[in-house]
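See below for model_35.csv, which holds CSV, C-alpha atoms.
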chain,number,residue,atom,x,y,z
E,1,MET,CA,97.5,67.3,98.3
E,2,ASN,CA,94.0,68.7,98.6
E,3,LYS,CA,94.1,72.3,97.3
E,4,LYS,CA,90.8,73.1,99.0
E,5,ALA,CA,92.8,73.4,102.2
E,6,MET,CA,93.6,76.9,101.1
E,7,TYR,CA,89.9,77.9,101.3
E,8,GLN,CA,90.1,77.4,105.1
E,9,LEU,CA,92.3,80.4,105.5
E,10,THR,CA,90.3,83.3,107.0
E,11,TYR,CA,90.4,86.6,105.2
E,12,GLY,CA,88.7,90.0,105.7
E,13,LEU,CA,87.7,92.2,102.8
E,14,PHE,CA,88.9,95.7,102.1
E,15,VAL,CA,88.7,98.6,99.7
E,16,LEU,CA,92.2,99.8,99.2
E,17,THR,CA,92.5,103.4,98.1
E,18,SER,CA,95.3,105.7,97.0
E,19,ARG,CA,95.8,108.8,95.0
E,20,ILE,CA,98.3,110.2,92.5
E,21,GLY,CA,98.1,113.6,90.8
E,22,VAL,CA,94.5,114.6,90.9
E,23,LYS,CA,93.0,111.1,90.5
E,24,ASP,CA,91.8,108.7,93.2
E,25,HIS,CA,92.0,104.9,92.8
E,26,GLY,CA,90.7,101.9,94.6
E,27,CYS,CA,90.4,98.2,94.4
E,28,ILE,CA,89.2,95.2,96.5
E,29,ILE,CA,91.8,93.1,98.4
E,30,ASN,CA,91.5,90.3,101.0
E,31,THR,CA,95.0,90.1,102.3
E,32,ALA,CA,95.6,92.7,105.1
E,33,GLY,CA,96.7,92.2,108.7
E,34,GLN,CA,98.7,93.6,111.5
E,35,VAL,CA,102.3,92.3,111.4
E,36,THR,CA,103.7,94.2,114.4
E,37,SER,CA,102.0,96.2,117.2
E,38,SER,CA,105.0,98.2,118.4
E,39,PRO,CA,105.4,100.0,116.1
E,40,ASN,CA,101.9,99.4,114.6
E,41,ARG,CA,102.4,98.0,111.1
E,42,ILE,CA,100.2,96.2,108.7
E,43,SER,CA,100.9,94.2,105.5
E,44,ILE,CA,98.8,94.1,102.4
E,45,ALA,CA,99.4,91.9,99.3
E,46,VAL,CA,98.3,93.5,96.1
E,47,ASN,CA,98.1,92.0,92.6
E,48,LYS,CA,100.3,93.9,90.2
E,49,ASP,CA,97.5,93.9,87.6
E,50,ASN,CA,95.6,96.4,89.7
E,51,LEU,CA,96.2,100.0,88.8
E,52,THR,CA,96.0,100.8,92.5
E,53,HIS,CA,99.1,98.7,93.0
E,54,ASP,CA,101.1,101.1,90.7
E,55,VAL,CA,99.6,104.2,92.4
E,56,ILE,CA,100.7,103.0,95.8
E,57,MET,CA,104.1,102.1,94.5
E,58,ALA,CA,104.4,105.8,93.5
E,59,SER,CA,102.5,107.5,96.3
E,60,ARG,CA,103.8,105.3,99.1
E,61,LYS,CA,100.5,105.7,101.0
E,62,PHE,CA,97.1,104.2,101.2
E,63,ASN,CA,93.9,103.9,103.1
E,64,LEU,CA,92.4,100.5,103.9
E,65,SER,CA,88.6,100.6,104.4
E,66,ILE,CA,87.4,97.5,106.2
E,67,LEU,CA,84.2,96.1,104.7
E,68,SER,CA,81.5,95.1,107.1
E,69,GLU,CA,78.6,92.6,106.8
E,70,LYS,CA,76.5,95.5,105.6
E,71,ALA,CA,78.6,95.9,102.4
E,72,ASP,CA,76.5,95.2,99.4
E,73,PHE,CA,77.5,93.5,96.2
E,74,GLU,CA,77.6,96.9,94.4
E,75,ILE,CA,80.7,97.8,96.3
E,76,PHE,CA,82.5,94.7,95.0
E,77,ARG,CA,81.2,95.3,91.5
E,78,HIS,CA,82.3,99.0,91.6
E,79,PHE,CA,85.8,98.6,93.1
E,80,GLY,CA,86.6,95.0,92.1
E,81,PHE,CA,85.1,94.3,88.7
E,82,GLN,CA,86.2,97.3,86.7
E,83,SER,CA,89.6,99.0,86.2
E,84,GLY,CA,90.7,102.5,86.9
E,85,ARG,CA,92.4,102.3,83.5
E,86,THR,CA,89.0,102.6,81.8
E,87,THR,CA,86.9,104.4,84.4
E,88,ASP,CA,87.2,106.9,87.3
E,89,LYS,CA,85.8,104.9,90.2
E,90,PHE,CA,85.5,108.0,92.4
E,91,ALA,CA,83.7,110.2,89.8
E,92,ASP,CA,80.4,110.9,91.5
E,93,TYR,CA,80.9,108.1,94.1
E,94,PRO,CA,79.1,109.5,97.1
E,95,PHE,CA,80.0,107.2,99.9
E,96,CYS,CA,83.5,108.4,100.7
E,97,ARG,CA,85.3,111.1,102.7
E,98,ARG,CA,89.0,112.2,102.8
E,99,SER,CA,91.1,111.3,105.8
E,100,GLU,CA,93.9,113.5,107.1
E,101,ASN,CA,96.4,112.1,104.6
E,102,GLY,CA,94.2,113.4,101.7
E,103,LEU,CA,93.0,110.0,100.5
E,104,PHE,CA,89.5,108.7,100.3
E,105,TYR,CA,88.0,106.1,102.6
E,106,LEU,CA,84.6,104.5,102.3
E,107,THR,CA,81.8,105.6,104.6
E,108,GLU,CA,79.1,103.0,103.7
E,109,GLY,CA,79.4,99.2,104.1
E,110,THR,CA,82.6,99.7,106.2
E,111,ASN,CA,83.3,99.6,109.9
E,112,ALA,CA,86.7,101.2,110.1
E,113,TYR,CA,89.5,102.6,108.1
E,114,ILE,CA,93.3,102.6,108.5
E,115,SER,CA,95.7,105.2,106.9
E,116,ALA,CA,99.2,103.9,106.3
E,117,SER,CA,102.6,104.8,104.9
E,118,VAL,CA,104.6,102.3,103.0
E,119,GLU,CA,107.9,101.4,104.6
E,120,GLN,CA,109.0,98.4,102.6
E,121,THR,CA,107.9,96.5,99.5
E,122,ILE,CA,108.6,92.9,98.8
E,123,ASP,CA,108.3,91.7,95.2
E,124,LEU,CA,106.5,88.3,95.1
E,125,GLY,CA,106.1,88.0,91.3
E,126,SER,CA,102.4,88.4,90.6
E,127,HIS,CA,101.9,90.5,93.8
E,128,THR,CA,103.7,93.1,95.9
E,129,LEU,CA,103.7,92.7,99.6
E,130,PHE,CA,103.6,96.2,101.2
E,131,ILE,CA,104.7,96.7,104.8
E,132,ALA,CA,103.3,99.9,106.1
E,133,ALA,CA,103.2,102.1,109.2
E,134,VAL,CA,99.7,102.9,110.6
E,135,GLU,CA,99.4,106.6,110.8
E,136,ASP,CA,95.7,107.2,111.5
E,137,MET,CA,92.6,105.1,111.9
E,138,ASP,CA,89.0,105.3,113.1
E,139,VAL,CA,86.0,103.1,113.8
E,140,LEU,CA,83.0,103.8,111.6
E,141,SER,CA,80.4,101.3,112.7
E,142,ALA,CA,79.9,98.4,115.1
E,143,VAL,CA,78.7,96.0,112.4
E,144,PRO,CA,81.0,92.9,112.3
E,145,SER,CA,83.7,92.8,109.6
E,146,ALA,CA,82.8,90.8,106.5
E,147,THR,CA,84.9,87.7,106.1
E,148,TYR,CA,85.5,86.2,102.7
E,149,ALA,CA,83.4,83.2,103.8
E,150,TYR,CA,80.6,85.7,104.6
E,151,TYR,CA,80.9,87.3,101.2
E,152,GLN,CA,80.6,83.9,99.5
E,153,SER,CA,77.5,82.9,101.5
E,154,ASN,CA,75.7,86.2,102.0
E,155,ILE,CA,76.8,89.0,99.7
E,156,LYS,CA,77.7,87.4,96.3
E,157,PRO,CA,74.5,86.8,94.2
E,158,LYS,CA,73.6,83.1,93.9
E,159,PRO,CA,74.4,82.1,90.3
E,160,GLU,CA,72.2,79.9,88.1
E,161,LYS,CA,73.4,76.4,88.5
E,162,LYS,CA,72.7,75.4,84.9
E,163,ALA,CA,74.6,76.4,81.9
E,164,PRO,CA,72.7,77.3,78.7
E,165,SER,CA,71.5,74.1,77.0
E,166,GLY,CA,74.2,72.1,75.3
E,167,LYS,CA,77.1,74.4,76.4
E,168,THR,CA,79.9,73.9,78.9
E,169,THR,CA,81.0,77.0,80.8
E,170,TRP,CA,83.4,77.7,83.6
E,171,ARG,CA,82.4,80.0,86.4
E,172,CYS,CA,84.7,82.1,88.5
E,173,THR,CA,83.8,81.2,92.1
E,174,VAL,CA,85.1,84.6,93.2
E,175,CYS,CA,83.1,87.0,91.0
E,176,GLY,CA,80.8,84.9,88.9
E,177,TYR,CA,82.3,85.6,85.5
E,178,THR,CA,81.7,82.8,83.1
E,179,TYR,CA,84.0,81.5,80.4
E,180,GLU,CA,82.4,79.5,77.5
E,181,GLY,CA,84.2,76.4,76.3
E,182,GLU,CA,84.9,72.7,76.9
E,183,GLU,CA,88.3,73.4,78.5
E,184,LEU,CA,89.5,76.3,80.5
E,185,PRO,CA,93.2,77.1,79.7
E,186,ALA,CA,95.4,76.4,82.7
E,187,ASP,CA,96.9,79.9,82.6
E,188,PHE,CA,93.5,81.6,82.3
E,189,VAL,CA,93.1,84.6,84.6
E,190,CYS,CA,89.6,86.0,85.3
E,191,PRO,CA,89.3,89.3,83.3
E,192,ILE,CA,87.0,90.7,85.9
E,193,CYS,CA,88.6,89.9,89.3
E,194,LYS,CA,92.1,88.6,88.2
E,195,HIS,CA,91.7,85.2,90.0
E,196,PRO,CA,93.4,82.2,88.3
E,197,ALA,CA,92.0,79.1,86.6
E,198,SER,CA,92.0,77.2,89.9
E,199,ASP,CA,89.2,79.5,91.2
E,200,PHE,CA,86.9,78.4,88.3
E,201,GLU,CA,84.3,75.6,88.5
E,202,LYS,CA,82.9,73.7,85.5
E,203,VAL,CA,79.2,74.2,84.9
E,204,THR,CA,77.6,71.6,82.6
E,205,ASP,CA,74.2,71.3,81.2
E,206,MET,CA,72.4,68.3,82.8
D,1,MET,CA,93.0,108.2,116.0
D,2,ASN,CA,90.8,105.4,117.5
D,3,LYS,CA,93.1,102.4,118.0
D,4,LYS,CA,90.1,100.1,118.2
D,5,ALA,CA,89.9,100.3,114.4
D,6,MET,CA,92.7,97.6,114.5
D,7,TYR,CA,90.2,95.2,116.1
D,8,GLN,CA,88.1,95.2,112.9
D,9,LEU,CA,90.8,93.4,111.0
D,10,THR,CA,89.8,89.8,110.4
D,11,TYR,CA,92.2,87.0,111.5
D,12,GLY,CA,92.1,83.2,111.5
D,13,LEU,CA,93.8,81.2,114.2
D,14,PHE,CA,96.5,78.6,113.7
D,15,VAL,CA,98.8,76.3,115.5
D,16,LEU,CA,102.2,76.8,113.9
D,17,THR,CA,104.5,73.8,114.3
D,18,SER,CA,108.1,72.9,113.4
D,19,ARG,CA,110.9,70.6,114.5
D,20,ILE,CA,114.6,70.8,115.1
D,21,GLY,CA,116.8,67.9,116.2
D,22,VAL,CA,114.5,65.4,117.9
D,23,LYS,CA,112.1,68.0,119.4
D,24,ASP,CA,108.8,69.3,118.1
D,25,HIS,CA,107.6,72.8,118.8
D,26,GLY,CA,104.4,74.7,118.3
D,27,CYS,CA,102.7,78.0,119.1
D,28,ILE,CA,99.5,79.9,118.3
D,29,ILE,CA,99.5,82.6,115.6
D,30,ASN,CA,96.8,84.7,114.0
D,31,THR,CA,98.6,86.1,111.0
D,32,ALA,CA,98.6,83.8,108.1
D,33,GLY,CA,97.3,84.2,104.6
D,34,GLN,CA,98.0,83.4,100.9
D,35,VAL,CA,100.1,86.1,99.3
D,36,THR,CA,100.4,84.6,95.7
D,37,SER,CA,98.5,81.8,94.1
D,38,SER,CA,100.9,81.1,91.3
D,39,PRO,CA,103.2,79.9,92.8
D,40,ASN,CA,101.2,79.2,95.9
D,41,ARG,CA,102.8,81.0,98.7
D,42,ILE,CA,101.7,82.1,102.2
D,43,SER,CA,103.0,84.6,104.7
D,44,ILE,CA,103.1,84.2,108.5
D,45,ALA,CA,104.1,86.8,111.1
D,46,VAL,CA,105.7,85.3,114.2
D,47,ASN,CA,106.8,87.0,117.4
D,48,LYS,CA,110.5,86.5,118.0
D,49,ASP,CA,109.8,85.7,121.7
D,50,ASN,CA,108.2,82.4,120.6
D,51,LEU,CA,110.7,79.5,120.6
D,52,THR,CA,108.9,78.2,117.5
D,53,HIS,CA,110.2,81.3,115.7
D,54,ASP,CA,113.8,80.3,116.3
D,55,VAL,CA,113.1,76.8,115.3
D,56,ILE,CA,111.6,77.8,111.9
D,57,MET,CA,114.5,80.2,111.4
D,58,ALA,CA,116.8,77.2,111.6
D,59,SER,CA,114.6,74.4,110.0
D,60,ARG,CA,113.2,76.6,107.3
D,61,LYS,CA,109.9,74.6,107.3
D,62,PHE,CA,106.7,74.6,109.2
D,63,ASN,CA,103.1,73.2,109.3
D,64,LEU,CA,100.2,75.5,109.8
D,65,SER,CA,97.2,73.8,111.4
D,66,ILE,CA,94.0,75.8,110.8
D,67,LEU,CA,91.9,76.0,113.9
D,68,SER,CA,88.1,75.4,113.5
D,69,GLU,CA,85.1,76.5,115.6
D,70,LYS,CA,85.4,73.1,117.3
D,71,ALA,CA,88.8,74.1,118.8
D,72,ASP,CA,88.5,74.3,122.6
D,73,PHE,CA,90.3,76.6,125.0
D,74,GLU,CA,92.7,73.8,126.0
D,75,ILE,CA,94.4,74.0,122.6
D,76,PHE,CA,95.1,77.7,123.2
D,77,ARG,CA,96.3,77.1,126.7
D,78,HIS,CA,98.5,74.2,125.6
D,79,PHE,CA,100.1,75.9,122.6
D,80,GLY,CA,99.7,79.6,123.4
D,81,PHE,CA,100.1,80.1,127.1
D,82,GLN,CA,103.3,78.1,127.9
D,83,SER,CA,106.7,78.0,126.3
D,84,GLY,CA,108.7,75.2,124.7
D,85,ARG,CA,111.6,76.6,126.7
D,86,THR,CA,110.1,75.1,129.9
D,87,THR,CA,107.9,72.3,128.6
D,88,ASP,CA,107.7,69.8,125.7
D,89,LYS,CA,104.3,70.6,124.2
D,90,PHE,CA,104.2,67.4,122.2
D,91,ALA,CA,105.2,65.0,125.0
D,92,ASP,CA,102.2,62.8,125.2
D,93,TYR,CA,100.0,65.2,123.1
D,94,PRO,CA,97.7,62.7,121.4
D,95,PHE,CA,95.9,64.9,118.8
D,96,CYS,CA,98.6,65.1,116.2
D,97,ARG,CA,100.0,63.2,113.2
D,98,ARG,CA,103.1,63.7,111.1
D,99,SER,CA,102.8,65.0,107.5
D,100,GLU,CA,105.1,64.1,104.7
D,101,ASN,CA,107.6,66.7,105.7
D,102,GLY,CA,108.1,65.0,109.1
D,103,LEU,CA,106.4,67.7,111.1
D,104,PHE,CA,103.3,67.4,113.3
D,105,TYR,CA,100.0,68.9,112.5
D,106,LEU,CA,96.9,68.9,114.8
D,107,THR,CA,94.1,66.4,114.1
D,108,GLU,CA,91.5,67.8,116.6
D,109,GLY,CA,90.0,71.2,116.6
D,110,THR,CA,91.4,71.9,113.1
D,111,ASN,CA,89.9,71.8,109.6
D,112,ALA,CA,93.0,71.8,107.4
D,113,TYR,CA,96.8,71.9,107.5
D,114,ILE,CA,99.3,73.4,105.2
D,115,SER,CA,103.0,72.3,104.9
D,116,ALA,CA,105.4,75.1,103.7
D,117,SER,CA,109.0,75.8,103.1
D,118,VAL,CA,110.4,79.2,103.9
D,119,GLU,CA,111.7,81.2,100.9
D,120,GLN,CA,112.3,84.5,102.4
D,121,THR,CA,112.3,86.2,105.9
D,122,ILE,CA,111.7,89.8,106.6
D,123,ASP,CA,112.9,91.3,109.9
D,124,LEU,CA,110.2,93.5,111.3
D,125,GLY,CA,111.7,94.1,114.8
D,126,SER,CA,109.5,92.3,117.2
D,127,HIS,CA,108.3,89.8,114.6
D,128,THR,CA,109.7,88.0,111.5
D,129,LEU,CA,107.5,87.8,108.4
D,130,PHE,CA,108.1,84.4,106.7
D,131,ILE,CA,107.2,84.0,103.0
D,132,ALA,CA,106.9,80.3,102.3
D,133,ALA,CA,106.1,78.0,99.4
D,134,VAL,CA,103.1,75.7,100.0
D,135,GLU,CA,104.3,72.1,99.5
D,136,ASP,CA,101.4,70.0,100.8
D,137,MET,CA,98.0,70.5,102.4
D,138,ASP,CA,94.9,68.6,103.3
D,139,VAL,CA,91.4,69.3,104.5
D,140,LEU,CA,90.6,67.7,107.8
D,141,SER,CA,87.0,68.7,108.5
D,142,ALA,CA,84.2,70.8,107.1
D,143,VAL,CA,83.7,72.8,110.4
D,144,PRO,CA,84.2,76.5,109.7
D,145,SER,CA,87.5,78.1,110.5
D,146,ALA,CA,87.6,79.9,113.9
D,147,THR,CA,88.1,83.7,113.5
D,148,TYR,CA,89.8,85.7,116.2
D,149,ALA,CA,86.3,87.3,116.8
D,150,TYR,CA,84.8,83.9,117.2
D,151,TYR,CA,87.6,83.0,119.7
D,152,GLN,CA,86.8,86.1,121.7
D,153,SER,CA,83.0,85.5,121.8
D,154,ASN,CA,82.8,81.7,122.0
D,155,ILE,CA,86.0,79.9,122.9
D,156,LYS,CA,87.8,82.1,125.5
D,157,PRO,CA,86.3,81.6,129.0
D,158,LYS,CA,84.3,84.7,130.2
D,159,PRO,CA,86.3,86.4,132.9
D,160,GLU,CA,84.9,87.7,136.2
D,161,LYS,CA,84.1,91.4,135.6
D,162,LYS,CA,85.0,92.5,139.1
D,163,ALA,CA,88.5,92.8,140.5
D,164,PRO,CA,89.1,91.7,144.1
D,165,SER,CA,87.8,94.2,146.5
D,166,GLY,CA,89.8,97.4,146.7
D,167,LYS,CA,92.4,96.5,144.1
D,168,THR,CA,92.9,97.7,140.5
D,169,THR,CA,94.0,95.1,138.0
D,170,TRP,CA,94.6,95.1,134.3
D,171,ARG,CA,93.4,92.2,132.3
D,172,CYS,CA,94.9,91.0,129.0
D,173,THR,CA,91.9,90.9,126.6
D,174,VAL,CA,93.7,88.2,124.6
D,175,CYS,CA,94.4,85.5,127.2
D,176,GLY,CA,92.9,86.8,130.4
D,177,TYR,CA,96.1,87.2,132.4
D,178,THR,CA,95.7,89.8,135.1
D,179,TYR,CA,98.3,92.3,136.3
D,180,GLU,CA,97.8,93.9,139.7
D,181,GLY,CA,98.5,97.6,140.1
D,182,GLU,CA,97.1,101.1,139.7
D,183,GLU,CA,99.1,101.7,136.5
D,184,LEU,CA,100.2,99.3,133.8
D,185,PRO,CA,103.6,100.2,132.4
D,186,ALA,CA,103.4,101.3,128.8
D,187,ASP,CA,106.0,98.8,127.7
D,188,PHE,CA,104.4,95.9,129.6
D,189,VAL,CA,104.1,92.7,127.6
D,190,CYS,CA,101.8,89.9,128.7
D,191,PRO,CA,104.0,87.1,130.1
D,192,ILE,CA,101.5,84.5,128.9
D,193,CYS,CA,100.6,85.5,125.3
D,194,LYS,CA,103.1,88.2,124.6
D,195,HIS,CA,100.6,90.9,123.7
D,196,PRO,CA,101.4,94.5,124.5
D,197,ALA,CA,99.9,96.9,127.1
D,198,SER,CA,97.5,98.2,124.5
D,199,ASP,CA,95.7,94.8,124.7
D,200,PHE,CA,95.0,95.2,128.4
D,201,GLU,CA,91.8,96.6,130.0
D,202,LYS,CA,91.5,98.2,133.4
D,203,VAL,CA,89.3,96.3,135.9
D,204,THR,CA,88.3,98.3,138.9
D,205,ASP,CA,86.3,97.3,141.9
D,206,MET,CA,82.9,99.1,141.8
Kindly present the structure from the file in structure tokens form.
Amino acid sequence: MNKKAMYQLTYGLFVLTSRIGVKDHGCIINTAGQVTSSPNRISIAVNKDNLTHDVIMASRKFNLSILSEKADFEIFRHFGFQSGRTTDKFADYPFCRRSENGLFYLTEGTNAYISASVEQTIDLGSHTLFIAAVEDMDVLSAVPSATYAYYQSNIKPKPEKKAPSGKTTWRCTVCGYTYEGEELPADFVCPICKHPASDFEKVTDM
Amino acid sequence: MNKKAMYQLTYGLFVLTSRIGVKDHGCIINTAGQVTSSPNRISIAVNKDNLTHDVIMASRKFNLSILSEKADFEIFRHFGFQSGRTTDKFADYPFCRRSENGLFYLTEGTNAYISASVEQTIDLGSHTLFIAAVEDMDVLSAVPSATYAYYQSNIKPKPEKKAPSGKTTWRCTVCGYTYEGEELPADFVCPICKHPASDFEKVTDM
């Protein structure tokens, strides 16, 4: 069993947005795809730790903004590495517009958006899989979509390879967060991007 | 509503295989992704018109061979454009090996395979969404995974742009099949690759 086989699965990258009451929410996801074309439905898998998950559970609607190769790391930092529990991600965020369903979609670093209504939710433990009917969509740019592989090679800042002298650290390969310590607990979850211990690599001082 | 927004979703490409009785089956799919990492589960959406769909419904297990940029069009023709109802796709097919679960995976044009057991099926009308536990996997090559966009630009043969003189035809943008006639019926389904009328483009003689 070589767990690196999972890295060969191809993913796009998306800002998932929804709204409840007067507040808008958004997070980064990489699991979205069409599941039927007639009727046109998509599925998204969302980590329950994301506040946007709970908002969609309640509002039953979302926008999926498709990130393009022009997306910069700031979008990932803004929507992926902080929580709506402690900040309002859309307060003064200028690169967005409301679609007909009243939700925001992103206008910069994106090439399309899809508005969808939740039809079905499947509880998968750590995540909920949402099956949703596509209700509206538009193309925003002809720039190719960013794949997760493209993000890793071209968008994510290159980390320093060396740990501070004499210390062992573990680096999250998804967002770059570093954990200091000889051993990373097996049940460790990245506090920034919520990825598990298996996504960390050991960085030792050489 | 600009339906071309759907084309911006990123997909990988896979040969999905299973086995029932003494016969092995396989088809091409483009909808597979990890849905939870702990436990490690993937989802696949499979068109019910594919015989492999029925085989997995019965066998409850499958292999997903991840196609790489080295996959040639012959793999798509072999597994995607003919049916196991009229041919045995694995009779004399040399580029495969059995994994521990007894199913075939492809050894050429692939960069990894994943063996999975079905935990849950969700009926979506034209397709079934399978949620499956990953039981084994291996990396086969370091060649990048083929995206659907890569397939369109680099693997699929370029079609002739002109229709035969005086005739209007409709070409399936997925596999290249052409339908002859002024109007394509709205409920038309490509007999080769099962994609709907919305995936056809009109080709007129100029």
### Message
Could you tell me how far CA of Asn47 in chain D sits from CA of Pro39 in chain E, in Å to one decimal place?
### Response
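Taking CA of Pro39 in chain E and CA of Asn47 in chain D, their separation equals 13.1 Å.
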| request: Could you please tell me, as a PyMOL selection string, which residues of chain E have an atom within 8 Å of chain D when using only C-alpha atoms? | output: chain E and resi 1-6+8-12+31-38+45+66+111-114+124-127+129+136-139+144-145+147+196
- Message: Just the number, please: distance in Å from CA of Leu184 in chain E to CA of Lys202 in chain E, one decimal.
- Response: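 Rounded to one decimal, the two atoms are 8.7 Å apart.
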What's the separation between CA of Ile75 in chain E and CA of Phe62 in chain E, in Å to one decimal place?
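Going from CA of Ile75 in chain E over to CA of Phe62 in chain E, I get 18.3 Å.
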Exercise for the section: Please provide as a VMD selection string all residues within 6 Å of Ser18 in chain D, with the sequence filter that same-chain residues fewer than 2 positions apart are discarded (counting all atoms listed in the file). Expected result: chain D and resid 24 to 25 62 103
Can I get the selected residues back with C-alpha atoms, as a PDB file, in the frame of the given file?
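Dumped to again_0.pdb:
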ATOM      1  CA  ASP D  24     108.800  69.300 118.100  1.00  0.00           C
ATOM      2  CA  HIS D  25     107.600  72.800 118.800  1.00  0.00           C
ATOM      3  CA  PHE D  62     106.700  74.600 109.200  1.00  0.00           C
ATOM      4  CA  LEU D 103     106.400  67.700 111.100  1.00  0.00           C
TER       5      LEU D 103
END
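Residues with any atom within 10 Å of Glu119 in chain E, counting all atoms listed in the file and excluding same-chain neighbours fewer than 5 positions away, are Arg41, Arg60, Lys61, Phe130, Ile131, Ala132 and Ala133 of chain E.
If you measure from each of E:His53, E:Lys194, E:Lys23, E:Lys70 to Thr121 in chain E using only C-alpha atoms, the closest one turns out to be E:His53.
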Using all atoms listed in the file, the best pick from D:Gly21, D:Pro191, D:Gly102, D:Gly181 as closest to Gly80 in chain D would be D:Pro191
